[in-house]
$ cat run_34.cif   # mmCIF, C-alpha atoms
data_structure
loop_
_atom_site.label_atom_id
_atom_site.label_comp_id
_atom_site.auth_asym_id
_atom_site.auth_seq_id
_atom_site.Cartn_x
_atom_site.Cartn_y
_atom_site.Cartn_z
CA GLU A 22 6.19 1.44 19.69
CA ALA A 23 7.08 -0.05 16.31
CA GLN A 24 6.38 2.50 13.64
CA VAL A 25 7.24 4.20 10.39
CA THR A 26 7.38 7.97 10.77
CA GLN A 27 7.02 10.39 7.88
CA ASN A 28 7.46 14.15 7.88
CA PRO A 29 5.94 16.45 6.96
CA ARG A 30 2.40 15.08 7.05
CA TYR A 31 1.08 17.97 4.99
CA LEU A 32 2.94 20.30 2.65
CA ILE A 33 1.98 22.91 0.11
CA THR A 34 4.80 24.10 -2.11
CA VAL A 35 5.39 25.76 -5.46
CA THR A 36 6.73 24.40 -8.71
CA GLY A 37 10.48 24.01 -8.72
CA LYS A 38 11.16 24.39 -5.01
CA LYS A 39 13.15 21.39 -3.85
CA LEU A 40 11.72 19.42 -0.98
CA THR A 41 12.48 16.33 1.04
CA VAL A 42 10.02 14.01 2.73
CA THR A 43 11.71 12.12 5.52
CA CYS A 44 10.96 8.54 6.52
CA SER A 45 12.28 6.71 9.53
CA GLN A 46 11.53 3.23 10.90
CA ASN A 47 12.44 1.81 14.29
CA MET A 48 11.95 -1.89 13.52
CA ASN A 49 15.42 -2.62 12.11
CA HIS A 50 13.82 -3.48 8.77
CA GLU A 51 16.06 -4.07 5.78
CA TYR A 52 13.54 -3.24 3.08
CA MET A 53 12.02 0.21 2.60
CA SER A 54 9.90 1.67 -0.16
CA TRP A 55 8.05 4.78 -1.26
CA TYR A 56 4.58 4.80 -2.82
CA ARG A 57 2.25 7.43 -4.11
CA GLN A 58 -1.50 7.05 -3.90
CA ASP A 59 -3.79 8.75 -6.38
CA PRO A 60 -7.57 8.36 -6.76
CA GLY A 61 -8.47 5.54 -9.12
CA LEU A 62 -4.84 4.49 -9.52
CA GLY A 63 -4.11 2.87 -6.19
CA LEU A 64 -0.67 2.72 -4.64
CA ARG A 65 2.21 2.88 -7.09
CA GLN A 66 5.79 2.21 -6.11
CA ILE A 67 8.28 5.02 -6.66
CA TYR A 68 11.56 3.62 -5.33
CA TYR A 69 12.62 0.83 -3.04
CA SER A 70 15.69 -0.15 -1.08
CA MET A 71 16.78 -3.68 -0.19
CA ASN A 72 19.36 -2.46 2.30
CA VAL A 73 21.77 0.36 3.09
CA GLU A 74 23.23 1.91 -0.08
CA VAL A 75 21.04 -0.33 -2.27
CA THR A 76 18.17 1.43 -4.05
CA ASP A 77 16.23 0.76 -7.22
CA LYS A 78 13.46 2.26 -9.29
CA GLY A 79 9.86 1.26 -8.89
CA ASP A 80 7.09 1.86 -11.37
CA VAL A 81 6.95 5.68 -11.29
CA PRO A 82 10.44 7.00 -10.43
CA GLU A 83 10.54 10.03 -12.73
CA GLY A 84 11.06 13.27 -10.84
CA TYR A 85 12.10 11.60 -7.60
CA LYS A 86 15.36 10.69 -5.88
CA VAL A 87 16.08 8.61 -2.81
CA SER A 88 19.04 7.70 -0.67
CA ARG A 89 19.64 5.04 1.98
CA LYS A 90 22.68 5.99 4.00
CA GLU A 91 21.39 4.49 7.23
CA LYS A 92 19.19 1.46 7.78
CA ARG A 93 16.44 3.37 9.54
CA ASN A 94 16.09 6.35 7.16
CA PHE A 95 14.88 6.54 3.57
CA PRO A 96 14.18 10.12 2.47
CA LEU A 97 12.30 10.96 -0.72
CA ILE A 98 13.63 13.96 -2.60
CA LEU A 99 11.77 16.02 -5.17
CA GLU A 100 14.45 18.13 -6.83
CA SER A 101 12.07 20.26 -8.89
CA PRO A 102 8.46 19.48 -7.96
CA SER A 103 5.75 19.84 -10.56
CA PRO A 104 1.94 19.91 -10.17
CA ASN A 105 1.64 16.30 -11.39
CA GLN A 106 3.51 15.27 -8.25
CA THR A 107 0.62 16.45 -6.12
CA SER A 108 -0.31 13.25 -4.32
CA LEU A 109 -0.45 11.30 -1.08
CA TYR A 110 2.89 9.67 -0.36
CA PHE A 111 3.53 6.64 1.81
CA CYS A 112 6.76 5.21 3.10
CA ALA A 113 6.75 1.52 3.97
CA SER A 114 9.20 -0.94 5.46
CA SER A 115 9.48 -4.68 5.72
CA LEU A 116 11.64 -7.11 7.63
CA GLY A 117 12.92 -8.65 4.43
CA PRO A 118 12.57 -8.23 0.68
CA ASN A 119 10.06 -11.00 0.14
CA THR A 120 7.61 -11.14 3.04
CA GLY A 121 4.76 -9.21 1.42
CA GLU A 122 3.98 -7.60 4.78
CA LEU A 123 4.68 -3.92 4.51
CA PHE A 124 4.41 -1.53 7.44
CA PHE A 125 3.26 1.87 6.24
CA GLY A 126 3.67 5.33 7.64
CA GLU A 127 0.67 7.59 8.03
CA GLY A 128 1.23 9.39 4.76
CA SER A 129 2.40 12.79 3.56
CA ARG A 130 -0.03 14.86 1.54
CA LEU A 131 1.84 17.03 -0.90
CA THR A 132 0.35 19.81 -3.01
CA VAL A 133 2.48 21.46 -5.69
CA LEU A 134 1.08 24.74 -7.01
CA GLN B 242 -5.75 -2.91 -18.98
CA LYS B 243 -4.63 -2.56 -15.38
CA GLU B 244 -2.86 -5.51 -13.79
CA VAL B 245 -5.31 -5.47 -10.90
CA GLU B 246 -8.89 -4.26 -11.18
CA GLN B 247 -10.97 -3.46 -8.14
CA ASP B 248 -14.40 -1.91 -7.93
CA PRO B 249 -13.91 1.42 -6.10
CA GLY B 250 -17.36 1.44 -4.51
CA PRO B 251 -18.36 3.03 -2.24
CA LEU B 252 -20.14 0.08 -0.74
CA SER B 253 -22.61 0.88 2.02
CA VAL B 254 -24.08 -1.90 4.15
CA PRO B 255 -25.97 -2.19 7.43
CA GLU B 256 -24.24 -3.55 10.51
CA GLY B 257 -24.31 -7.35 10.58
CA ALA B 258 -24.34 -7.76 6.80
CA ILE B 259 -22.04 -10.09 4.90
CA VAL B 260 -19.71 -8.09 2.68
CA SER B 261 -18.02 -9.35 -0.46
CA LEU B 262 -15.07 -7.42 -1.89
CA ASN B 263 -13.54 -8.52 -5.16
CA CYS B 264 -10.57 -8.04 -7.47
CA THR B 265 -9.46 -9.46 -10.78
CA TYR B 266 -5.88 -9.67 -11.96
CA SER B 267 -4.14 -10.44 -15.22
CA ASN B 268 -0.75 -11.97 -14.34
CA SER B 269 -1.05 -15.71 -13.86
CA ALA B 270 2.40 -15.80 -12.21
CA PHE B 271 1.10 -14.26 -8.97
CA GLN B 272 1.23 -16.74 -6.09
CA TYR B 273 0.59 -14.63 -2.97
CA PHE B 274 -2.47 -12.47 -2.60
CA MET B 275 -2.59 -9.84 0.12
CA TRP B 276 -5.45 -7.79 1.48
CA TYR B 277 -4.67 -4.47 3.10
CA ARG B 278 -7.08 -2.29 5.06
CA GLN B 279 -6.73 1.48 5.10
CA TYR B 280 -8.63 3.67 7.54
CA SER B 281 -9.23 7.29 6.66
CA ARG B 282 -6.08 9.41 7.00
CA LYS B 283 -3.97 6.38 7.84
CA GLY B 284 -1.54 4.13 6.04
CA PRO B 285 -2.59 0.68 4.83
CA GLU B 286 -2.09 -2.27 7.14
CA LEU B 287 -1.93 -5.93 6.22
CA LEU B 288 -5.20 -7.69 7.00
CA MET B 289 -4.46 -11.18 5.71
CA TYR B 290 -3.03 -13.07 2.80
CA THR B 291 -3.45 -16.33 0.93
CA TYR B 292 -1.07 -18.48 -1.04
CA SER B 293 -2.18 -19.83 -4.42
CA SER B 294 -5.79 -20.94 -4.81
CA GLY B 295 -8.10 -21.68 -1.92
CA ASN B 296 -9.60 -20.11 1.18
CA LYS B 297 -8.15 -18.69 4.35
CA GLU B 298 -10.21 -17.70 7.36
CA ASP B 299 -9.28 -15.30 10.15
CA GLY B 300 -12.10 -14.53 12.52
CA ARG B 301 -14.85 -12.74 10.61
CA PHE B 302 -12.69 -12.44 7.51
CA THR B 303 -12.27 -14.99 4.72
CA ALA B 304 -9.94 -14.52 1.78
CA GLN B 305 -10.52 -16.59 -1.32
CA VAL B 306 -8.47 -16.98 -4.50
CA ASP B 307 -9.52 -18.64 -7.72
CA LYS B 308 -6.42 -18.73 -9.91
CA SER B 309 -8.24 -20.33 -12.81
CA SER B 310 -10.41 -17.26 -13.21
CA LYS B 311 -7.85 -14.81 -11.71
CA TYR B 312 -10.38 -13.70 -9.14
CA ILE B 313 -9.70 -12.64 -5.55
CA SER B 314 -12.35 -12.15 -2.88
CA LEU B 315 -12.55 -10.97 0.70
CA PHE B 316 -15.65 -11.79 2.71
CA ILE B 317 -16.53 -10.06 5.96
CA ARG B 318 -19.15 -11.74 8.15
CA ASP B 319 -21.21 -9.87 10.73
CA SER B 320 -19.78 -6.55 9.54
CA GLN B 321 -19.22 -3.85 12.16
CA PRO B 322 -18.98 -0.06 11.91
CA SER B 323 -15.29 -0.46 12.81
CA ASP B 324 -14.85 -2.32 9.49
CA SER B 325 -15.55 0.93 7.63
CA ALA B 326 -12.37 1.51 5.64
CA THR B 327 -10.88 1.12 2.19
CA TYR B 328 -9.82 -2.41 1.32
CA LEU B 329 -6.93 -2.92 -1.07
CA CYS B 330 -6.17 -6.18 -2.80
CA ALA B 331 -2.51 -6.67 -3.68
CA PRO B 332 -1.15 -9.68 -5.52
CA LYS B 333 2.56 -10.09 -4.92
CA GLY B 334 5.21 -10.47 -7.56
CA GLY B 335 8.88 -10.81 -6.69
CA TYR B 336 10.72 -8.99 -3.87
CA ASN B 337 7.78 -7.36 -2.13
CA LYS B 338 6.51 -6.18 -5.50
CA LEU B 339 2.88 -5.65 -4.56
CA ILE B 340 0.48 -4.63 -7.31
CA PHE B 341 -2.24 -2.73 -5.50
CA GLY B 342 -5.80 -2.41 -6.67
CA ALA B 343 -7.36 1.04 -6.45
CA GLY B 344 -9.25 0.00 -3.31
CA THR B 345 -12.92 -0.44 -2.43
CA ARG B 346 -14.36 1.98 0.09
CA LEU B 347 -16.68 0.26 2.58
CA ALA B 348 -19.09 1.98 4.95
CA VAL B 349 -20.90 -0.09 7.58
CA HIS B 350 -23.70 1.87 9.19
CA PRO B 351 -25.29 1.03 12.56
#

$ encode --input "run_34.cif" --output "structure tokens"
Amino acid sequence: EAQVTQNPRYLITVTGKKLTVTCSQNMNHEYMSWYRQDPGLGLRQIYYSMNVEVTDKGDVPEGYKVSRKEKRNFPLILESPSPNQTSLYFCASSLGPNTGELFFGEGSRLTVL
Amino acid sequence: QKEVEQDPGPLSVPEGAIVSLNCTYSNSAFQYFMWYRQYSRKGPELLMYTYSSGNKEDGRFTAQVDKSSKYISLFIRDSQPSDSATYLCAPKGGYNKLIFGAGTRLAVHP
């Protein structure tokens, strides 16, 4: 089954404790992206990747890191989480960089205390 | 001012009603206009999209864009309880740069 898989789905952590949210897609998609979704603000792009080893900042990259060492994986790293990073995070992938059709994972709800 | 404005609702309608969901946007350069549907506790999924101004129909769903007034609409005919979800409009800039509205929550009750 074609899918984007994120882990963990739910996480409660404390300020400053590094964490990684993994994302994997099995559709051989070139383009991958991370979003955060907050009430009243919609989905905002954090980082995106056009292909392996190619990443770039989105609209809200502060406090986040990403890497794209393999085509299928695009982990999101929070080096020192803060409470304002409490949010619902979505990973998405797309066949190419300009299709407009993004395939989303089921989301990872992160709470930073 | 946000680039894309969308009434958050919630919108509650009886089964069979015609539903109108709307967005406004500010960037006249947008050419593609996507609608995503998000069920509770799920990721968004692409419902349909239109290019430039005009209408596009897909079953019970019609997407409409008026570029002169920067207004985007999604109409749902004969609404069903299974249509209960949050609907996100998303004009597209370059390279999959989607600018998402905050979403309108729709509840269709039997």

$ atom_distance --input "run_34.cif" --atom1 "atom CA of B:Arg282" --atom2 "atom CA of B:Lys338"
23.6 Å

$ closest_atom_pairs --input "run_34.cif" --of "chain B" --to "chain A" --cutoff "9 Å" --atoms "all atoms listed in the file" --output "Markdown table"
| residue | atom | partner | partner_atom | distance |
| --- | --- | --- | --- | --- |
| B:Pro249 | CA | A:Gly61 | CA | 7.5 |
| B:Tyr273 | CA | A:Gly121 | CA | 8.1 |
| B:Phe274 | CA | A:Gly121 | CA | 8.9 |
| B:Met275 | CA | A:Gly121 | CA | 7.5 |
| B:Arg282 | CA | A:Glu127 | CA | 7.1 |
| B:Lys283 | CA | A:Glu127 | CA | 4.8 |
| B:Gly284 | CA | A:Glu127 | CA | 4.6 |
| B:Pro285 | CA | A:Phe125 | CA | 6.1 |
| B:Glu286 | CA | A:Phe124 | CA | 6.5 |
| B:Leu287 | CA | A:Glu122 | CA | 6.3 |
| B:Tyr290 | CA | A:Gly121 | CA | 8.8 |
| B:Leu329 | CA | A:Gly63 | CA | 8.2 |
| B:Lys333 | CA | A:Gly121 | CA | 6.8 |
| B:Gly335 | CA | A:Asn119 | CA | 6.9 |
| B:Tyr336 | CA | A:Asn119 | CA | 4.5 |
| B:Asn337 | CA | A:Asn119 | CA | 4.9 |
| B:Lys338 | CA | A:Gly121 | CA | 7.8 |
| B:Leu339 | CA | A:Gly121 | CA | 7.2 |
| B:Ile340 | CA | A:Arg65 | CA | 7.7 |
| B:Phe341 | CA | A:Leu64 | CA | 5.7 |
| B:Gly342 | CA | A:Gly63 | CA | 5.6 |
| B:Ala343 | CA | A:Gly63 | CA | 3.7 |
| B:Gly344 | CA | A:Gly63 | CA | 6.6 |

$ resolve_selection --input "run_34.cif" --expression "the PyMOL selection byres ((chain B and resi 307-315) around 8)" --output "JSON, numbers by chain"
{"B": [260, 261, 262, 263, 264, 265, 266, 267, 269, 274, 276, 293, 294, 295, 302, 303, 304, 305, 306, 316, 317, 330]}

$ residues_near_point --input "run_34.cif" --point "(-26.4, -0.5, 7.4)" --cutoff "6 Å" --atoms "only C-alpha atoms" --output "list in words"
Val254, Pro255, Glu256, Val349, His350 and Pro351 of chain B

$ atom_distance --input "run_34.cif" --atom1 "atom CA of B:Ile259" --atom2 "atom CA of B:Gly300"
13.3 Å

$ atom_distance --input "run_34.cif" --atom1 "atom CA of A:Asn28" --atom2 "atom CA of A:Glu74"
21.5 Å

$ resolve_selection --input "run_34.cif" --expression "the PyMOL selection byres ((chain B and resi 345) around 6)" --output "MDAnalysis selection string"
chainID B and resid 248:250 327:328 344 346

$ write_last_selection --input "run_34.cif" --atoms "C-alpha atoms" --output "short mmCIF file (atom, residue, chain, number, x, y, z; two decimals), in the coordinates of the input"
data_model
loop_
_atom_site.label_atom_id
_atom_site.label_comp_id
_atom_site.auth_asym_id
_atom_site.auth_seq_id
_atom_site.Cartn_x
_atom_site.Cartn_y
_atom_site.Cartn_z
CA ASP B 248 -14.40 -1.91 -7.93
CA PRO B 249 -13.91 1.42 -6.10
CA GLY B 250 -17.36 1.44 -4.51
CA THR B 327 -10.88 1.12 2.19
CA TYR B 328 -9.82 -2.41 1.32
CA GLY B 344 -9.25 0.00 -3.31
CA ARG B 346 -14.36 1.98 0.09
#

$ closest_residue --input "run_34.cif" --among "A:Thr132, A:Ala23, A:Leu99, A:Ser70" --to "A:Leu40" --atoms "only C-alpha atoms"
A:Leu99

$ decode --input "run_34.cif" --residues "stretch 63-110 of chain A" --atoms "C-alpha atoms" --output "PDB file, in the first residue's frame"
ATOM      1  CA  GLY A  63      -3.368  26.212   8.912  1.00  0.00           C
ATOM      2  CA  LEU A  64      -0.506  24.148   7.590  1.00  0.00           C
ATOM      3  CA  ARG A  65       2.843  25.915   7.459  1.00  0.00           C
ATOM      4  CA  GLN A  66       5.861  24.490   5.707  1.00  0.00           C
ATOM      5  CA  ILE A  67       8.948  23.882   7.834  1.00  0.00           C
ATOM      6  CA  TYR A  68      11.451  22.351   5.402  1.00  0.00           C
ATOM      7  CA  TYR A  69      11.321  20.636   2.055  1.00  0.00           C
ATOM      8  CA  SER A  70      13.570  18.444  -0.037  1.00  0.00           C
ATOM      9  CA  MET A  71      13.641  18.247  -3.828  1.00  0.00           C
ATOM     10  CA  ASN A  72      15.763  15.102  -3.820  1.00  0.00           C
ATOM     11  CA  VAL A  73      18.459  13.232  -1.914  1.00  0.00           C
ATOM     12  CA  GLU A  74      20.918  15.613  -0.233  1.00  0.00           C
ATOM     13  CA  VAL A  75      18.887  18.643  -1.365  1.00  0.00           C
ATOM     14  CA  THR A  76      16.957  20.439   1.375  1.00  0.00           C
ATOM     15  CA  ASP A  77      15.713  23.977   1.846  1.00  0.00           C
ATOM     16  CA  LYS A  78      13.892  26.098   4.375  1.00  0.00           C
ATOM     17  CA  GLY A  79      10.176  26.619   4.276  1.00  0.00           C
ATOM     18  CA  ASP A  80       8.261  29.349   6.037  1.00  0.00           C
ATOM     19  CA  VAL A  81       8.916  28.382   9.672  1.00  0.00           C
ATOM     20  CA  PRO A  82      12.304  26.600   9.856  1.00  0.00           C
ATOM     21  CA  GLU A  83      13.587  28.048  13.138  1.00  0.00           C
ATOM     22  CA  GLY A  84      14.322  25.374  15.718  1.00  0.00           C
ATOM     23  CA  TYR A  85      14.191  22.490  13.249  1.00  0.00           C
ATOM     24  CA  LYS A  86      16.683  20.481  11.221  1.00  0.00           C
ATOM     25  CA  VAL A  87      16.201  17.921   8.483  1.00  0.00           C
ATOM     26  CA  SER A  88      18.311  15.553   6.449  1.00  0.00           C
ATOM     27  CA  ARG A  89      17.696  13.553   3.278  1.00  0.00           C
ATOM     28  CA  LYS A  90      20.301  10.844   3.006  1.00  0.00           C
ATOM     29  CA  GLU A  91      17.999   8.367   1.307  1.00  0.00           C
ATOM     30  CA  LYS A  92      15.144   8.973  -1.090  1.00  0.00           C
ATOM     31  CA  ARG A  93      12.516   7.337   1.096  1.00  0.00           C
ATOM     32  CA  ASN A  94      13.381   8.957   4.458  1.00  0.00           C
ATOM     33  CA  PHE A  95      13.119  12.549   5.629  1.00  0.00           C
ATOM     34  CA  PRO A  96      13.475  12.872   9.415  1.00  0.00           C
ATOM     35  CA  LEU A  97      12.620  16.056  11.300  1.00  0.00           C
ATOM     36  CA  ILE A  98      14.965  16.879  14.150  1.00  0.00           C
ATOM     37  CA  LEU A  99      14.236  19.178  17.067  1.00  0.00           C
ATOM     38  CA  GLU A 100      17.625  19.756  18.686  1.00  0.00           C
ATOM     39  CA  SER A 101      16.298  21.648  21.707  1.00  0.00           C
ATOM     40  CA  PRO A 102      12.498  21.614  21.723  1.00  0.00           C
ATOM     41  CA  SER A 103      10.610  24.505  23.266  1.00  0.00           C
ATOM     42  CA  PRO A 104       6.921  24.806  24.240  1.00  0.00           C
ATOM     43  CA  ASN A 105       6.162  26.891  21.129  1.00  0.00           C
ATOM     44  CA  GLN A 106       6.975  23.804  19.073  1.00  0.00           C
ATOM     45  CA  THR A 107       3.978  22.022  20.539  1.00  0.00           C
ATOM     46  CA  SER A 108       1.999  21.247  17.408  1.00  0.00           C
ATOM     47  CA  LEU A 109       0.683  18.648  14.982  1.00  0.00           C
ATOM     48  CA  TYR A 110       3.335  17.742  12.440  1.00  0.00           C
TER      49      TYR A 110
END
